[in-house]
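Visitor: This is the structure, below, for whatever I ask next.
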Amino acid sequence: MCRLSLVIVLAAAATVSAQSPALQVGRPPTPDEIRELGSAIAPDGAGLPQGSGTVAAGQKLFAAQCARCHGPAGEGDIGARLVGGQGTLATPRPLKTVGSFWPYATTLWDYVNRAMPFDQPGLLQPPEVYAAVAYVLNLNGIIAADQVMDATSLPKVRMPNRDGFVADPRPDVGKQRPKK
Amino acid sequence: MTRSTPSRRQLLQMGAAVGGSLLAGEKALALETNPRKLGEPLGPYGERSPFEKAVRWRRDSKTPETGSSFTPIHDSVGTITPSALHYERHHSGIPAIDPSSHRLVIHGLVDRPLSLSMADIKRLASVTRIMVLECGGNSAGEWAATTGADVQRSYGLVSGSEWTGVPLARLLAAAGVQSRASWVIAEGADACRMMRSIPLAKALESSLLAYGQNGEAIRPAQGYPLRLINPGWEGNTNVKWLRSLKLTDQPYMARDETSKYSDLMPDGKARIFTYAMEAKSVITFPSGGQTLPGRGAYELTGLAWSGAGRIERVEVTTDGGKTWVAAALQEPRLPISLTRFRLPWQFNGQDALIASRAIDETGYVQPTRDELIAARGTNSVYHYNGIKVWHVRADGTVTNVQA
């Protein structure tokens with residue numbers, strides 16, 4: 001019986017592999033499609049576009065585009081609080097912000113570029129995203145006021161909670177009953 | 001009603017007495033003395049009876065395009081959630097997508113990048129699976145001492161559907177995944193382009209590109225026209241309005257897998273990529289906010305599910321945990337699906353603390369709230385699956401012991 005099952009499985013696998021190359025579906029993406037999908041940024045910085053932004057430029061941009069939801073100094077309102085909370089994660093009242101919790105600066109770039117401003121995502125050009133990110137990082141004391149953010153400098157920013165994440169150890173709770 | 005004409009009730013009693021043997025009696029039952037009004041004409045797309053009032057409960061949010069709405073699981077029967085009552089969680093509203101112009105692009109570390117229309121996807125052999133979908137943040141309020149008063153608000157970010165689509169493995173094979181690839185970055189076509197990183201192993205094992213839900217196209221709020229389904233994993237990974245799958249050699253540490261959907265522990269470390277939804281159950285009748293009309297016989301019922309497989313057993317206590325008895329599990333009992341349990345119960349007008357605990361086919365036992373808090377503290381937000389206790393009071397009112 002065991003041997004028979006094995007034969008069937010092997011036969012099925014052979015059928016699948018014989019058919020796979022024949023699966024003709026869809027077409028190659030156009031250069032425009034790939035370009036439009038190219039905005040996802042990896043933590044090593046892969047995908048970051050050319051351009052750069054300063055803290056000063058970011059301050060002006062933040063006042064114009066971000067402050068109405070996040071507050072003038074990123075203290076939060078309709079939008080999330082963006083500053084503070086460092087040192088609170090292990091306390092009964094943790095404050096999770098970009099400064100205290102986010103492990104990668106590239107994630108901030110990716111998210112601002114992808115999803116902000118909330119009611120007009122996609123509005124900002126890459127230099128504006130670099131500037132906004134520089135300002136928020138500076139508000140959190142993570143980069144100095146004269147640091148410029150670009151595709152080279154941003155991935156090198158060391159976020160305070162960079163080592164604050166661990167793998168999922170579950171199941172970690174409760175009893176286990178023997179399988180039937 | 002005259003003596004010579006038997007009443008409807010009398011006929012019913014007679015019918016019961018003679019069993020189903022008298023066809024003439026059945027005919028007589030249908031007789032009415034008054035002319036009847038014609039009913040409504042046939043319609044192209046059905047609606048439920050105007051007498052049915054079950055609706056989702058929408059939690060307040062700062063912007064109308066974000067937030068969540070909860071399935072009225074206390075009003076549910078069976079194990080399929082009507083699509084119109086499926087829970088929702090949106091991050092930037094529900095996009096209006098014309099399926100004729102929607103495309104899914106598979107790119108990155110593949111030999112043959114693919115751009116697929118919906119017609120392309122629907123030409124492939126499909127599969128259909130009944131599955132539970134639960135938000136990673138369902139019951140998040142239960143970590144706190146005071147929680148939602150009823151089962152909808154406290155456990156309602158869970159729904160059951162029949163999903164139809166194409167196994168993702170089939171399309172990944174067509175694209176030719178390169179040996180360096182180990183992750184799939186999935187992106188939606190909502191305004192915020194919601195993105196999650198999915199391990200390639202999961203995508204190859206069980207992920208589905210779904211276009212059908214409960215016998216029709218997926219509803220706009222559920223990802224029309226195409227949704228990634230990752231069986232047994234938190235709802236957020238089941239990316240709606242799917243437009244891009246990028247094969248990579250690393251996770252992208254997206255906002256929704258670092259800042260959100262990670263579980264903060266008391267030591268200040270956060271668990272990341274906590275995809276699995278562990279076994280969970282809750283009694284939906286009687287449950288918080290309901291009132292038993294009087295003493296007598298009732299049937300307790302509720303729902304159990306597990307992201308790890310089938311529900312093997314559900315145990316119920318009606319004496320605050322002193323004794324537990326096995327409830328009946330109603331078929332069908334499918335892997336990673338809502339499973340309904342039932343238990344006859346006599347309410348004698350005395351205070352009772354009632355609760356259920358699920359055990360899945362891996363042997364995992366649904367933990368108590370105290371066990372969860374002892375291991376994870378109260379700030380991890382996601383993946384609460386603790387045993388839920390309802391207090392049936394002597395007067396028949398039911399409350400949440402944590403309310």
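Each chain in the structure tokens gets a letter, A, B and so on, in the order shown; residues start at 1 in every chain, and ligands are counted from 1 in the order they appear.
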What residues in chain B have any atom no more than 7 Å from chain A when counting only C-alpha atoms, and can you write them as number ranges by chain?

Guide: B: 62, 105, 113-117, 120, 173-174, 191-193, 252-255, 258-259, 266-274, 361-367, 371-372, 375

Visitor: Keeping N, CA and C atoms for every residue in the selection just given, could you write it to a file as a CSV table (one decimal), in the first residue's frame?

Guide:
chain,number,residue,atom,x,y,z
B,62,LYS,N,-10.9,57.8,13.7
B,62,LYS,CA,-10.7,59.3,13.5
B,62,LYS,C,-11.0,59.7,12.1
B,105,VAL,N,0.7,41.8,-11.1
B,105,VAL,CA,2.0,41.7,-11.6
B,105,VAL,C,2.9,40.8,-10.7
B,113,PRO,N,8.7,37.4,-15.4
B,113,PRO,CA,7.8,38.3,-14.8
B,113,PRO,C,6.4,38.2,-15.6
B,114,LEU,N,5.3,38.3,-14.8
B,114,LEU,CA,4.0,38.1,-15.4
B,114,LEU,C,3.1,39.2,-15.0
B,115,SER,N,2.4,39.7,-16.0
B,115,SER,CA,1.3,40.6,-15.8
B,115,SER,C,0.0,39.9,-16.2
B,116,LEU,N,-0.9,39.8,-15.2
B,116,LEU,CA,-2.1,38.9,-15.4
B,116,LEU,C,-3.4,39.8,-15.3
B,117,SER,N,-4.3,39.6,-16.2
B,117,SER,CA,-5.6,40.2,-16.1
B,117,SER,C,-6.5,39.3,-15.3
B,120,ASP,N,-7.2,36.3,-17.3
B,120,ASP,CA,-6.1,35.3,-17.3
B,120,ASP,C,-6.2,34.4,-16.1
B,173,ALA,N,4.9,29.0,-10.2
B,173,ALA,CA,5.6,28.0,-11.1
B,173,ALA,C,5.7,28.6,-12.5
B,174,ALA,N,4.6,29.2,-12.9
B,174,ALA,CA,4.6,29.8,-14.3
B,174,ALA,C,5.6,30.9,-14.4
B,191,ALA,N,-5.7,53.0,-1.5
B,191,ALA,CA,-4.9,54.3,-1.7
B,191,ALA,C,-3.6,54.2,-1.0
B,192,CYS,N,-3.5,53.5,0.1
B,192,CYS,CA,-2.2,53.4,0.9
B,192,CYS,C,-1.3,52.3,0.4
B,193,ARG,N,-1.8,51.5,-0.6
B,193,ARG,CA,-1.0,50.4,-1.2
B,193,ARG,C,-0.5,49.5,0.0
B,252,TYR,N,10.4,43.0,3.8
B,252,TYR,CA,10.6,44.4,3.5
B,252,TYR,C,10.4,45.3,4.8
B,253,MET,N,10.0,44.6,5.9
B,253,MET,CA,9.8,45.4,7.2
B,253,MET,C,8.8,46.5,7.0
B,254,ALA,N,7.7,46.2,6.3
B,254,ALA,CA,6.7,47.1,6.1
B,254,ALA,C,6.1,47.7,7.4
B,255,ARG,N,5.5,48.9,7.2
B,255,ARG,CA,4.9,49.6,8.4
B,255,ARG,C,3.9,48.6,9.1
B,258,THR,N,5.9,45.9,11.2
B,258,THR,CA,6.8,46.3,12.3
B,258,THR,C,6.1,47.2,13.3
B,259,SER,N,5.7,48.4,12.8
B,259,SER,CA,5.0,49.3,13.7
B,259,SER,C,3.6,48.8,14.2
B,266,PRO,N,6.3,42.2,27.7
B,266,PRO,CA,6.7,43.0,28.9
B,266,PRO,C,8.1,43.5,29.0
B,267,ASP,N,9.0,42.7,28.4
B,267,ASP,CA,10.5,43.1,28.4
B,267,ASP,C,10.8,44.1,27.4
B,268,GLY,N,9.8,44.7,26.6
B,268,GLY,CA,10.1,45.7,25.7
B,268,GLY,C,10.4,45.2,24.3
B,269,LYS,N,10.6,43.9,24.2
B,269,LYS,CA,10.9,43.3,22.8
B,269,LYS,C,9.5,43.0,22.2
B,270,ALA,N,9.5,43.1,20.9
B,270,ALA,CA,8.3,42.8,20.1
B,270,ALA,C,8.5,41.6,19.2
B,271,ARG,N,7.5,40.7,19.3
B,271,ARG,CA,7.5,39.6,18.4
B,271,ARG,C,7.1,40.0,17.0
B,272,ILE,N,7.8,39.6,16.0
B,272,ILE,CA,7.6,40.1,14.6
B,272,ILE,C,7.2,38.8,13.8
B,273,PHE,N,6.4,39.1,12.7
B,273,PHE,CA,5.9,38.0,11.8
B,273,PHE,C,5.1,37.0,12.6
B,274,THR,N,4.2,37.5,13.4
B,274,THR,CA,3.4,36.6,14.2
B,274,THR,C,2.1,36.3,13.4
B,361,GLU,N,-6.7,20.1,16.4
B,361,GLU,CA,-6.2,18.8,16.1
B,361,GLU,C,-4.7,18.6,16.4
B,362,THR,N,-4.0,19.7,16.7
B,362,THR,CA,-2.6,19.6,17.1
B,362,THR,C,-2.5,19.3,18.6
B,363,GLY,N,-3.7,19.4,19.3
B,363,GLY,CA,-3.6,19.2,20.7
B,363,GLY,C,-3.6,20.5,21.5
B,364,TYR,N,-3.5,21.6,20.8
B,364,TYR,CA,-3.4,22.9,21.4
B,364,TYR,C,-4.7,23.2,22.2
B,365,VAL,N,-4.6,23.7,23.4
B,365,VAL,CA,-5.7,24.0,24.2
B,365,VAL,C,-5.8,25.5,24.4
B,366,GLN,N,-7.0,26.0,24.1
B,366,GLN,CA,-7.2,27.5,24.2
B,366,GLN,C,-6.9,27.9,25.6
B,367,PRO,N,-6.1,28.9,25.8
B,367,PRO,CA,-5.7,29.3,27.2
B,367,PRO,C,-6.7,30.2,27.9
B,371,GLU,N,-3.5,33.0,31.9
B,371,GLU,CA,-2.3,32.4,31.3
B,371,GLU,C,-1.7,33.2,30.2
B,372,LEU,N,-2.5,33.8,29.4
B,372,LEU,CA,-2.0,34.7,28.3
B,372,LEU,C,-1.3,35.9,28.9
B,375,ALA,N,2.2,35.2,30.4
B,375,ALA,CA,3.2,35.0,29.4
B,375,ALA,C,3.5,36.3,28.6

Visitor: Pick out the residues sitting within 8 Å of Trp143 of chain B, and hand them over as a PDB file with N, CA and C atoms, in the first residue's frame; count only C-alpha atoms, and ignore anything fewer than 6 positions along from it in its own chain.

Guide:
ATOM      1  N   ARG B 369      -7.353  33.747  30.082  1.00  0.00           N
ATOM      2  CA  ARG B 369      -6.842  35.114  30.006  1.00  0.00           C
ATOM      3  C   ARG B 369      -5.636  35.278  30.937  1.00  0.00           C
ATOM      4  N   ILE B 373      -1.868  36.532  29.917  1.00  0.00           N
ATOM      5  CA  ILE B 373      -1.265  37.732  30.504  1.00  0.00           C
ATOM      6  C   ILE B 373       0.027  37.375  31.235  1.00  0.00           C
ATOM      7  N   THR B 378       0.080  42.766  29.068  1.00  0.00           N
ATOM      8  CA  THR B 378      -1.202  43.281  28.568  1.00  0.00           C
ATOM      9  C   THR B 378      -1.037  44.270  27.419  1.00  0.00           C
ATOM     10  N   ASN B 379       0.182  44.386  26.866  1.00  0.00           N
ATOM     11  CA  ASN B 379       0.409  45.391  25.827  1.00  0.00           C
ATOM     12  C   ASN B 379       0.754  44.806  24.461  1.00  0.00           C
ATOM     13  N   VAL B 381      -1.385  43.646  22.240  1.00  0.00           N
ATOM     14  CA  VAL B 381      -2.459  44.043  21.326  1.00  0.00           C
ATOM     15  C   VAL B 381      -3.021  42.867  20.526  1.00  0.00           C
ATOM     16  N   TYR B 384      -5.010  37.843  20.779  1.00  0.00           N
ATOM     17  CA  TYR B 384      -5.662  37.425  22.020  1.00  0.00           C
ATOM     18  C   TYR B 384      -6.614  36.280  21.696  1.00  0.00           C
TER      19      TYR B 384
END

Visitor: Tell me, as a list in words, which residues lie within 8 Å of Arg342 of chain B, counting only C-alpha atoms; anything in the same chain fewer than 3 positions away does not count.

Guide: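 Using only C-alpha atoms, the neighbours found are Glu299, Leu300, Thr301, Gly302, Ala327, Ala328, Leu329 and Gln330 of chain B.
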
Visitor: Can you pull out every residue from chain A that DSSP, working from the backbone, puts in helix (DSSP H, G or I), and format the result as a VMD selection string?

Guide: chain A and resid 2 to 22 31 to 37 55 to 70 105 to 115 126 to 139 154 to 156

Visitor: For atom CA of Gly321 of chain B and atom CA of Leu334 of chain B, quote the distance in Å rounded to one decimal.

Guide: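 That distance, rounded to one decimal, is 27.6 Å.
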
Visitor: Have a look at A:Gly47, A:Arg68, A:Gly76, A:Arg35 and name the one nearest to Pro155 of chain A; count only C-alpha atoms.

Guide: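 Of A:Gly47, A:Arg68, A:Gly76, A:Arg35, the one nearest Pro155 of chain A is A:Gly47, counting only C-alpha atoms.
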
Visitor: Out of A:Asn140, A:Gln86, A:Gln125, A:Ser52, which residue has the shortest atom-to-atom distance to Leu154 of chain A when counting only C-alpha atoms?

Guide: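 Comparing A:Asn140, A:Gln86, A:Gln125, A:Ser52 against Leu154 of chain A, the winner is A:Ser52.
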
Visitor: When distances are computed from only C-alpha atoms, which of A:Gln59, A:Ser153, A:Ser100, A:Gln50 shows the smallest separation from Asn138 of chain A?

Guide: A:Gln59

Visitor: Just the number, please: distance in Å from atom CA of Trp233 of chain B to atom CA of Trp163 of chain B, one decimal.

Guide: 14.7 Å

Visitor: Excluding segment 310-319 of chain B and any residue of its chain fewer than 2 positions from it, enumerate the residues within 10 Å of it, using only C-alpha atoms, and give them as an NGL selection string.

Guide: (:A and (179-180)) or (:B and (279-283 or 300-308 or 321-329 or 333-343 or 345-347 or 351-366 or 389-392))

Visitor: For Pro49 of chain A, work out the shell of residues within 9 Å, counting only C-alpha atoms and skipping chain neighbours fewer than 3 positions away, then give it as a list in words.

Guide: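 With the cut-off at 9 Å, the set is Ser39, Ala46, Pro126, Asp150 and Ala151 of chain A.
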
Visitor: Just the number, please: distance in Å from atom CA of Val83 of chain A to atom CA of Thr66 of chain B, one decimal.

Guide: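 Answer for the atom CA of Val83 of chain A to atom CA of Thr66 of chain B separation: 21.9 Å.
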
Visitor: Pull the strand (DSSP E or B) assignments for segment 302-370 of chain B out of DSSP run on the backbone, and list those residues as an MDAnalysis selection string.

Guide: chainID B and resid 302:305 311:317 325:326 328:329 339:347 352:360 364:365

Visitor: Give me the residues near Gly148 of chain B as a PyMOL selection string, where near means some atom within 12 Å (using only C-alpha atoms) and where sequence neighbours in that chain fewer than 3 positions away do not count.

Guide: chain B and resi 57+59+70+138-145+151-156+287-289+388+390+399-403

Visitor: Pick out the closest residue to His70 of chain A from this set: A:Met149, A:Leu123, A:Val136, A:Met159. Count only C-alpha atoms.

Guide: A:Val136

Visitor: My list of candidates is B:Val398, B:Ile80, B:Ile387, B:Ala189. Which is closest to Asp98 of chain B when distances are computed with only C-alpha atoms?

Guide: B:Ala189
